[in-house]
Amino acid sequence: MKFNDNKKLILIKYGGNAMLNDELTEKILTNIIALNQSNYRAVLVHGGGPFIKDNLTMAGIESEFIGGHRKTTPEAMKYIEMSLKGEVNSKLVRIINKLGGRAVGLSGKDGKTALATKRYFVDEAGNEADLGQVGDLVDVDTTLLKLLLEKDYLPVVTSIAWSKEGVDYNVNADMFAGFLAGKLNADKFLLLTDVDGLMKDPQQPETLFRELKLSQLSDMEGSVIKGGMIPKTESCKVALELGAKSAIITNGTKPDFLKQAIDNDNFNQATKITL
């Protein structure tokens, strides 16, 4: 994506338990606004797993997990969309605007921005399981996001996508963010998590990988890359292969890390991945 000035484009993925702390959320968003008002254009993508869990529990809807994926029935999808768009997205937009930014709340359905197809889980024996309204992105139309960015709005996008069949899909927020970062040709794709980055041993901060090439990740799968780091590194792979220039994983519970990871190429408390 090209603009008429020299501002760089960053896409930030924010989510998880850090969103439950209002003070921390304000600090993160303050830093994003500062970046957006200086030399950058920013897009913020978010999920909201803890909020979805709470709302499904309150609604008395039991979650069935298949291969680690929450099966999404039409009834569950209603509450997932209420959680992501009605609660989390609305809250982030409200805080950004209060702090002096100009946020616009969206889902991937708006403007037919994010197109998905139905996702199936296939086990090691090749058996296919229906996950309901869980989707994989197949395309992104950047038109609406570009219009907002050109007018210096800060798009806040949640990970719900549309389909040609008229079915809404819940998409993994990390993968959703990586796909958007790639299609927007983001200069930097920043994933905020609850650790400083990818480590050989999560119990030993000194084992943090500070710089990696995309080709190195495949050898780390199943050993270094496991658990919650699997979708994060996968989203970095998608982002870089689709056109993002770099991907950075850093600690979202330390708000100052965000600006340092963006501004300082030598910041050593993050994992930077490039082609």
# chains A, B, ... in the order shown; residues from 1 in each chain; ligands from 1
$ closest_atom_pairs --of "stretch 24-53 of chain A" --to "stretch 160-164 of chain A" --cutoff "12 Å" --atoms "only C-alpha atoms" --output "Markdown table"
| residue | atom | partner | partner_atom | distance |
| --- | --- | --- | --- | --- |
| A:Val45 | CA | A:Ile160 | CA | 10.8 |
| A:His46 | CA | A:Ile160 | CA | 10.2 |
| A:Gly47 | CA | A:Ile160 | CA | 9.2 |
| A:Gly48 | CA | A:Ile160 | CA | 11.3 |
$ residues_around --residues "A:Gly135" --least-positions-apart "2" --cutoff "6 Å" --atoms "only C-alpha atoms" --output "PyMOL selection string"
chain A and resi 116-119+169-171
$ select_by_dssp --residues "stretch 40-239 of chain A" --states "strand (DSSP E)" --output "PyMOL selection string"
chain A and resi 40-46+65-66+69-70+103-107+114-122+128-140+154-158+160-161+169-170+188-193+211-213
$ atom_distance --atom1 "atom CA of A:Ala103" --atom2 "atom CA of A:Arg41"
12.0 Å
$ select_by_dssp --residues "stretch 9-227 of chain A" --states "helix (DSSP H, G or I)" --output "NGL selection string"
:A and (16-20 or 22-36 or 49-58 or 74-98 or 110-112 or 143-150 or 173-183 or 205-207 or 214-220)
$ write_last_selection --atoms "C-alpha atoms" --output "PDB file, in the first residue's frame"
ATOM      1  CA  GLY A  16      -5.318 -11.759  25.504  1.00  0.00           C
ATOM      2  CA  ASN A  17      -5.309 -11.180  29.221  1.00  0.00           C
ATOM      3  CA  ALA A  18      -3.574  -7.788  28.900  1.00  0.00           C
ATOM      4  CA  MET A  19      -6.909  -6.420  27.665  1.00  0.00           C
ATOM      5  CA  LEU A  20      -8.508  -7.163  31.036  1.00  0.00           C
ATOM      6  CA  ASP A  22      -7.919  -1.072  32.000  1.00  0.00           C
ATOM      7  CA  GLU A  23      -4.857   0.884  33.148  1.00  0.00           C
ATOM      8  CA  LEU A  24      -2.566  -1.234  30.989  1.00  0.00           C
ATOM      9  CA  THR A  25      -4.939  -0.920  28.039  1.00  0.00           C
ATOM     10  CA  GLU A  26      -4.896   2.882  28.283  1.00  0.00           C
ATOM     11  CA  LYS A  27      -1.084   2.926  28.315  1.00  0.00           C
ATOM     12  CA  ILE A  28      -0.910   0.666  25.257  1.00  0.00           C
ATOM     13  CA  LEU A  29      -3.447   2.760  23.358  1.00  0.00           C
ATOM     14  CA  THR A  30      -1.709   6.014  24.369  1.00  0.00           C
ATOM     15  CA  ASN A  31       1.478   4.713  22.740  1.00  0.00           C
ATOM     16  CA  ILE A  32      -0.394   3.638  19.608  1.00  0.00           C
ATOM     17  CA  ILE A  33      -1.974   7.095  19.312  1.00  0.00           C
ATOM     18  CA  ALA A  34       1.459   8.717  19.708  1.00  0.00           C
ATOM     19  CA  LEU A  35       2.817   6.570  16.888  1.00  0.00           C
ATOM     20  CA  ASN A  36      -0.215   7.339  14.730  1.00  0.00           C
ATOM     21  CA  GLY A  49     -10.818 -14.719  24.100  1.00  0.00           C
ATOM     22  CA  PRO A  50     -11.390 -13.903  27.803  1.00  0.00           C
ATOM     23  CA  PHE A  51     -14.472 -11.807  26.959  1.00  0.00           C
ATOM     24  CA  ILE A  52     -15.893 -14.535  24.709  1.00  0.00           C
ATOM     25  CA  LYS A  53     -15.405 -17.117  27.447  1.00  0.00           C
ATOM     26  CA  ASP A  54     -17.188 -14.954  30.036  1.00  0.00           C
ATOM     27  CA  ASN A  55     -20.149 -14.160  27.775  1.00  0.00           C
ATOM     28  CA  LEU A  56     -20.636 -17.753  26.667  1.00  0.00           C
ATOM     29  CA  THR A  57     -20.563 -18.831  30.321  1.00  0.00           C
ATOM     30  CA  MET A  58     -23.129 -16.191  31.294  1.00  0.00           C
ATOM     31  CA  PRO A  74     -24.788 -20.270  15.311  1.00  0.00           C
ATOM     32  CA  GLU A  75     -25.922 -19.545  18.886  1.00  0.00           C
ATOM     33  CA  ALA A  76     -22.320 -19.237  20.102  1.00  0.00           C
ATOM     34  CA  MET A  77     -21.441 -17.028  17.114  1.00  0.00           C
ATOM     35  CA  LYS A  78     -24.074 -14.532  18.205  1.00  0.00           C
ATOM     36  CA  TYR A  79     -22.360 -14.112  21.577  1.00  0.00           C
ATOM     37  CA  ILE A  80     -18.875 -14.149  20.057  1.00  0.00           C
ATOM     38  CA  GLU A  81     -19.819 -11.234  17.812  1.00  0.00           C
ATOM     39  CA  MET A  82     -21.413  -9.439  20.765  1.00  0.00           C
ATOM     40  CA  SER A  83     -18.165  -9.909  22.698  1.00  0.00           C
ATOM     41  CA  LEU A  84     -15.771  -8.869  19.939  1.00  0.00           C
ATOM     42  CA  LYS A  85     -17.682  -6.092  18.179  1.00  0.00           C
ATOM     43  CA  GLY A  86     -20.152  -4.899  20.784  1.00  0.00           C
ATOM     44  CA  GLU A  87     -17.898  -5.049  23.830  1.00  0.00           C
ATOM     45  CA  VAL A  88     -14.162  -5.161  23.054  1.00  0.00           C
ATOM     46  CA  ASN A  89     -14.091  -3.173  19.808  1.00  0.00           C
ATOM     47  CA  SER A  90     -16.449  -0.540  21.178  1.00  0.00           C
ATOM     48  CA  LYS A  91     -14.357  -0.200  24.338  1.00  0.00           C
ATOM     49  CA  LEU A  92     -11.078   0.239  22.429  1.00  0.00           C
ATOM     50  CA  VAL A  93     -12.625   2.841  20.115  1.00  0.00           C
ATOM     51  CA  ARG A  94     -14.067   4.740  23.082  1.00  0.00           C
ATOM     52  CA  ILE A  95     -10.719   4.835  24.909  1.00  0.00           C
ATOM     53  CA  ILE A  96      -8.740   5.866  21.823  1.00  0.00           C
ATOM     54  CA  ASN A  97     -11.143   8.717  21.104  1.00  0.00           C
ATOM     55  CA  LYS A  98     -11.068   9.819  24.752  1.00  0.00           C
ATOM     56  CA  ASP A 110     -17.416  -4.174   6.955  1.00  0.00           C
ATOM     57  CA  GLY A 111     -16.830  -3.186   3.353  1.00  0.00           C
ATOM     58  CA  LYS A 112     -16.317  -6.893   2.579  1.00  0.00           C
ATOM     59  CA  THR A 143     -10.017  -0.421  -0.013  1.00  0.00           C
ATOM     60  CA  LEU A 144     -11.876   0.626   3.150  1.00  0.00           C
ATOM     61  CA  LEU A 145      -8.770   0.460   5.349  1.00  0.00           C
ATOM     62  CA  LYS A 146      -6.831   2.556   2.832  1.00  0.00           C
ATOM     63  CA  LEU A 147      -9.548   5.223   2.748  1.00  0.00           C
ATOM     64  CA  LEU A 148      -9.499   5.484   6.552  1.00  0.00           C
ATOM     65  CA  LEU A 149      -5.705   5.534   6.754  1.00  0.00           C
ATOM     66  CA  GLU A 150      -5.439   8.245   4.104  1.00  0.00           C
ATOM     67  CA  ALA A 173      -7.126 -13.169  15.685  1.00  0.00           C
ATOM     68  CA  ASP A 174      -3.379 -13.788  15.254  1.00  0.00           C
ATOM     69  CA  MET A 175      -3.902 -15.272  11.791  1.00  0.00           C
ATOM     70  CA  PHE A 176      -6.401 -12.536  10.903  1.00  0.00           C
ATOM     71  CA  ALA A 177      -3.855  -9.863  11.867  1.00  0.00           C
ATOM     72  CA  GLY A 178      -1.024 -11.524   9.938  1.00  0.00           C
ATOM     73  CA  PHE A 179      -3.160 -11.792   6.805  1.00  0.00           C
ATOM     74  CA  LEU A 180      -4.114  -8.093   7.011  1.00  0.00           C
ATOM     75  CA  ALA A 181      -0.503  -7.053   7.679  1.00  0.00           C
ATOM     76  CA  GLY A 182       0.643  -8.894   4.578  1.00  0.00           C
ATOM     77  CA  LYS A 183      -2.108  -7.613   2.295  1.00  0.00           C
ATOM     78  CA  PRO A 205      14.706 -14.676  29.488  1.00  0.00           C
ATOM     79  CA  GLU A 206      18.320 -14.726  28.323  1.00  0.00           C
ATOM     80  CA  THR A 207      17.373 -17.400  25.735  1.00  0.00           C
ATOM     81  CA  LEU A 214      11.586 -16.899   8.394  1.00  0.00           C
ATOM     82  CA  SER A 215      13.362 -20.017   7.118  1.00  0.00           C
ATOM     83  CA  GLN A 216      14.634 -20.775  10.651  1.00  0.00           C
ATOM     84  CA  LEU A 217      11.149 -21.200  12.139  1.00  0.00           C
ATOM     85  CA  SER A 218      10.390 -24.604  10.597  1.00  0.00           C
ATOM     86  CA  ASP A 219      13.252 -26.250  12.526  1.00  0.00           C
ATOM     87  CA  MET A 220      11.860 -24.863  15.798  1.00  0.00           C
TER      88      MET A 220
END
$ atom_distance --atom1 "atom CA of A:Ala129" --atom2 "atom CA of A:Ser63"
15.2 Å
$ residues_around --residues "stretch 113-115 of chain A" --least-positions-apart "5" --cutoff "7 Å" --atoms "only C-alpha atoms" --output "PDB file with N, CA and C atoms, in the first residue's frame"
ATOM      1  N   GLY A 108     -14.119  -7.576  10.028  1.00  0.00           N
ATOM      2  CA  GLY A 108     -13.753  -7.924   8.665  1.00  0.00           C
ATOM      3  C   GLY A 108     -14.932  -7.982   7.718  1.00  0.00           C
ATOM      4  N   LEU A 137      -9.104 -17.102   6.604  1.00  0.00           N
ATOM      5  CA  LEU A 137      -9.128 -16.020   5.611  1.00  0.00           C
ATOM      6  C   LEU A 137      -8.559 -16.499   4.287  1.00  0.00           C
ATOM      7  N   VAL A 138      -9.179 -16.050   3.208  1.00  0.00           N
ATOM      8  CA  VAL A 138      -8.687 -16.372   1.869  1.00  0.00           C
ATOM      9  C   VAL A 138      -8.357 -15.121   1.062  1.00  0.00           C
ATOM     10  N   ASP A 139      -8.890 -13.965   1.491  1.00  0.00           N
ATOM     11  CA  ASP A 139      -8.586 -12.734   0.756  1.00  0.00           C
ATOM     12  C   ASP A 139      -8.927 -11.526   1.622  1.00  0.00           C
ATOM     13  N   VAL A 140      -8.263 -10.420   1.337  1.00  0.00           N
ATOM     14  CA  VAL A 140      -8.531  -9.151   2.020  1.00  0.00           C
ATOM     15  C   VAL A 140      -8.631  -8.047   0.977  1.00  0.00           C
ATOM     16  N   ASP A 141      -9.696  -7.272   1.043  1.00  0.00           N
ATOM     17  CA  ASP A 141      -9.860  -6.080   0.211  1.00  0.00           C
ATOM     18  C   ASP A 141      -9.453  -4.890   1.084  1.00  0.00           C
ATOM     19  N   THR A 142      -8.382  -4.217   0.723  1.00  0.00           N
ATOM     20  CA  THR A 142      -7.831  -3.145   1.556  1.00  0.00           C
ATOM     21  C   THR A 142      -8.461  -1.781   1.282  1.00  0.00           C
ATOM     22  N   ALA A 161     -15.110 -12.400   9.929  1.00  0.00           N
ATOM     23  CA  ALA A 161     -15.036 -12.253   8.474  1.00  0.00           C
ATOM     24  C   ALA A 161     -16.361 -12.616   7.817  1.00  0.00           C
ATOM     25  N   TRP A 162     -16.511 -12.186   6.575  1.00  0.00           N
ATOM     26  CA  TRP A 162     -17.696 -12.514   5.789  1.00  0.00           C
ATOM     27  C   TRP A 162     -17.376 -13.678   4.860  1.00  0.00           C
ATOM     28  N   SER A 163     -18.412 -14.274   4.289  1.00  0.00           N
ATOM     29  CA  SER A 163     -18.223 -15.319   3.291  1.00  0.00           C
ATOM     30  C   SER A 163     -19.210 -15.096   2.149  1.00  0.00           C
TER      31      SER A 163
END
$ closest_residue --among "A:Gly197, A:Pro155, A:Gly60, A:Gly15" --to "A:Thr271" --atoms "only C-alpha atoms"
A:Gly197
$ closest_residue --among "A:Thr158, A:Asn127, A:Asn21, A:Asn6" --to "A:Leu44" --atoms "only C-alpha atoms"
A:Thr158
$ closest_residue --among "A:Leu208, A:Leu242, A:Ala59, A:Leu106" --to "A:Val157" --atoms "only C-alpha atoms"
A:Leu106
$ closest_residue --among "A:Gly222, A:Pro231, A:Glu165, A:Gly67" --to "A:Glu124" --atoms "only C-alpha atoms"
A:Gly67
$ atom_distance --atom1 "atom CA of A:Leu198" --atom2 "atom CA of A:Leu9"
23.5 Å
$ residues_around --residues "A:Phe209" --least-positions-apart "6" --cutoff "10 Å" --atoms "only C-alpha atoms" --output "list of chain:residue names"
A:Asp196, A:Gly197, A:Leu198, A:Met199, A:Lys200, A:Asn268, A:Gln269, A:Ala270, A:Thr271, A:Lys272, A:Ile273
$ residues_around --residues "A:Met229" --least-positions-apart "3" --cutoff "10 Å" --atoms "only C-alpha atoms" --output "list in words"
Thr193, Gly197, Leu198, Met199, Glu221, Val224, Ile225, Lys226, Lys232, Thr233, Glu234, Ser235 and Ile249 of chain A
$ closest_residue --among "A:Lys13, A:Lys259, A:Lys245, A:His69" --to "A:Ala186" --atoms "only C-alpha atoms"
A:Lys245
$ decode --residues "stretch 160-219 of chain A" --atoms "C-alpha atoms" --output "PDB file, in the first residue's frame"
ATOM      1  CA  ILE A 160     -14.881 -11.655  12.228  1.00  0.00           C
ATOM      2  CA  ALA A 161     -15.036 -12.253   8.474  1.00  0.00           C
ATOM      3  CA  TRP A 162     -17.696 -12.514   5.789  1.00  0.00           C
ATOM      4  CA  SER A 163     -18.223 -15.319   3.291  1.00  0.00           C
ATOM      5  CA  LYS A 164     -19.778 -15.519  -0.163  1.00  0.00           C
ATOM      6  CA  GLU A 165     -22.432 -17.836   1.281  1.00  0.00           C
ATOM      7  CA  GLY A 166     -23.560 -15.133   3.700  1.00  0.00           C
ATOM      8  CA  VAL A 167     -22.191 -16.905   6.779  1.00  0.00           C
ATOM      9  CA  ASP A 168     -20.145 -14.974   9.344  1.00  0.00           C
ATOM     10  CA  TYR A 169     -16.943 -16.639  10.516  1.00  0.00           C
ATOM     11  CA  ASN A 170     -14.882 -16.317  13.673  1.00  0.00           C
ATOM     12  CA  VAL A 171     -11.207 -16.272  12.659  1.00  0.00           C
ATOM     13  CA  ASN A 172      -8.163 -16.749  14.879  1.00  0.00           C
ATOM     14  CA  ALA A 173      -7.126 -13.169  15.685  1.00  0.00           C
ATOM     15  CA  ASP A 174      -3.379 -13.788  15.254  1.00  0.00           C
ATOM     16  CA  MET A 175      -3.902 -15.272  11.791  1.00  0.00           C
ATOM     17  CA  PHE A 176      -6.401 -12.536  10.903  1.00  0.00           C
ATOM     18  CA  ALA A 177      -3.855  -9.863  11.867  1.00  0.00           C
ATOM     19  CA  GLY A 178      -1.024 -11.524   9.938  1.00  0.00           C
ATOM     20  CA  PHE A 179      -3.160 -11.792   6.805  1.00  0.00           C
ATOM     21  CA  LEU A 180      -4.114  -8.093   7.011  1.00  0.00           C
ATOM     22  CA  ALA A 181      -0.503  -7.053   7.679  1.00  0.00           C
ATOM     23  CA  GLY A 182       0.643  -8.894   4.578  1.00  0.00           C
ATOM     24  CA  LYS A 183      -2.108  -7.613   2.295  1.00  0.00           C
ATOM     25  CA  LEU A 184      -1.487  -4.049   3.521  1.00  0.00           C
ATOM     26  CA  ASN A 185       2.263  -4.454   2.870  1.00  0.00           C
ATOM     27  CA  ALA A 186       2.868  -3.239   6.422  1.00  0.00           C
ATOM     28  CA  ASP A 187       6.353  -1.948   7.164  1.00  0.00           C
ATOM     29  CA  LYS A 188       6.091  -3.605  10.576  1.00  0.00           C
ATOM     30  CA  PHE A 189       3.714  -6.223  11.966  1.00  0.00           C
ATOM     31  CA  LEU A 190       3.768  -6.127  15.764  1.00  0.00           C
ATOM     32  CA  LEU A 191       2.309  -8.926  17.886  1.00  0.00           C
ATOM     33  CA  LEU A 192       1.778  -8.039  21.533  1.00  0.00           C
ATOM     34  CA  THR A 193       1.790 -11.054  23.849  1.00  0.00           C
ATOM     35  CA  ASP A 194       2.582 -11.719  27.518  1.00  0.00           C
ATOM     36  CA  VAL A 195       6.296 -12.549  27.062  1.00  0.00           C
ATOM     37  CA  ASP A 196       9.182 -10.627  25.522  1.00  0.00           C
ATOM     38  CA  GLY A 197       9.267 -12.807  22.418  1.00  0.00           C
ATOM     39  CA  LEU A 198      10.226 -16.282  21.244  1.00  0.00           C
ATOM     40  CA  MET A 199      12.569 -18.004  23.712  1.00  0.00           C
ATOM     41  CA  LYS A 200      14.421 -21.308  23.634  1.00  0.00           C
ATOM     42  CA  ASP A 201      13.354 -21.710  27.284  1.00  0.00           C
ATOM     43  CA  PRO A 202      10.457 -19.488  28.446  1.00  0.00           C
ATOM     44  CA  GLN A 203      11.769 -19.770  32.017  1.00  0.00           C
ATOM     45  CA  GLN A 204      15.081 -18.195  30.992  1.00  0.00           C
ATOM     46  CA  PRO A 205      14.706 -14.676  29.488  1.00  0.00           C
ATOM     47  CA  GLU A 206      18.320 -14.726  28.323  1.00  0.00           C
ATOM     48  CA  THR A 207      17.373 -17.400  25.735  1.00  0.00           C
ATOM     49  CA  LEU A 208      15.280 -14.875  23.780  1.00  0.00           C
ATOM     50  CA  PHE A 209      15.799 -15.011  20.010  1.00  0.00           C
ATOM     51  CA  ARG A 210      16.281 -11.372  18.997  1.00  0.00           C
ATOM     52  CA  GLU A 211      16.517 -11.806  15.238  1.00  0.00           C
ATOM     53  CA  LEU A 212      15.366 -14.692  13.076  1.00  0.00           C
ATOM     54  CA  LYS A 213      14.913 -15.420   9.410  1.00  0.00           C
ATOM     55  CA  LEU A 214      11.586 -16.899   8.394  1.00  0.00           C
ATOM     56  CA  SER A 215      13.362 -20.017   7.118  1.00  0.00           C
ATOM     57  CA  GLN A 216      14.634 -20.775  10.651  1.00  0.00           C
ATOM     58  CA  LEU A 217      11.149 -21.200  12.139  1.00  0.00           C
ATOM     59  CA  SER A 218      10.390 -24.604  10.597  1.00  0.00           C
ATOM     60  CA  ASP A 219      13.252 -26.250  12.526  1.00  0.00           C
TER      61      ASP A 219
END
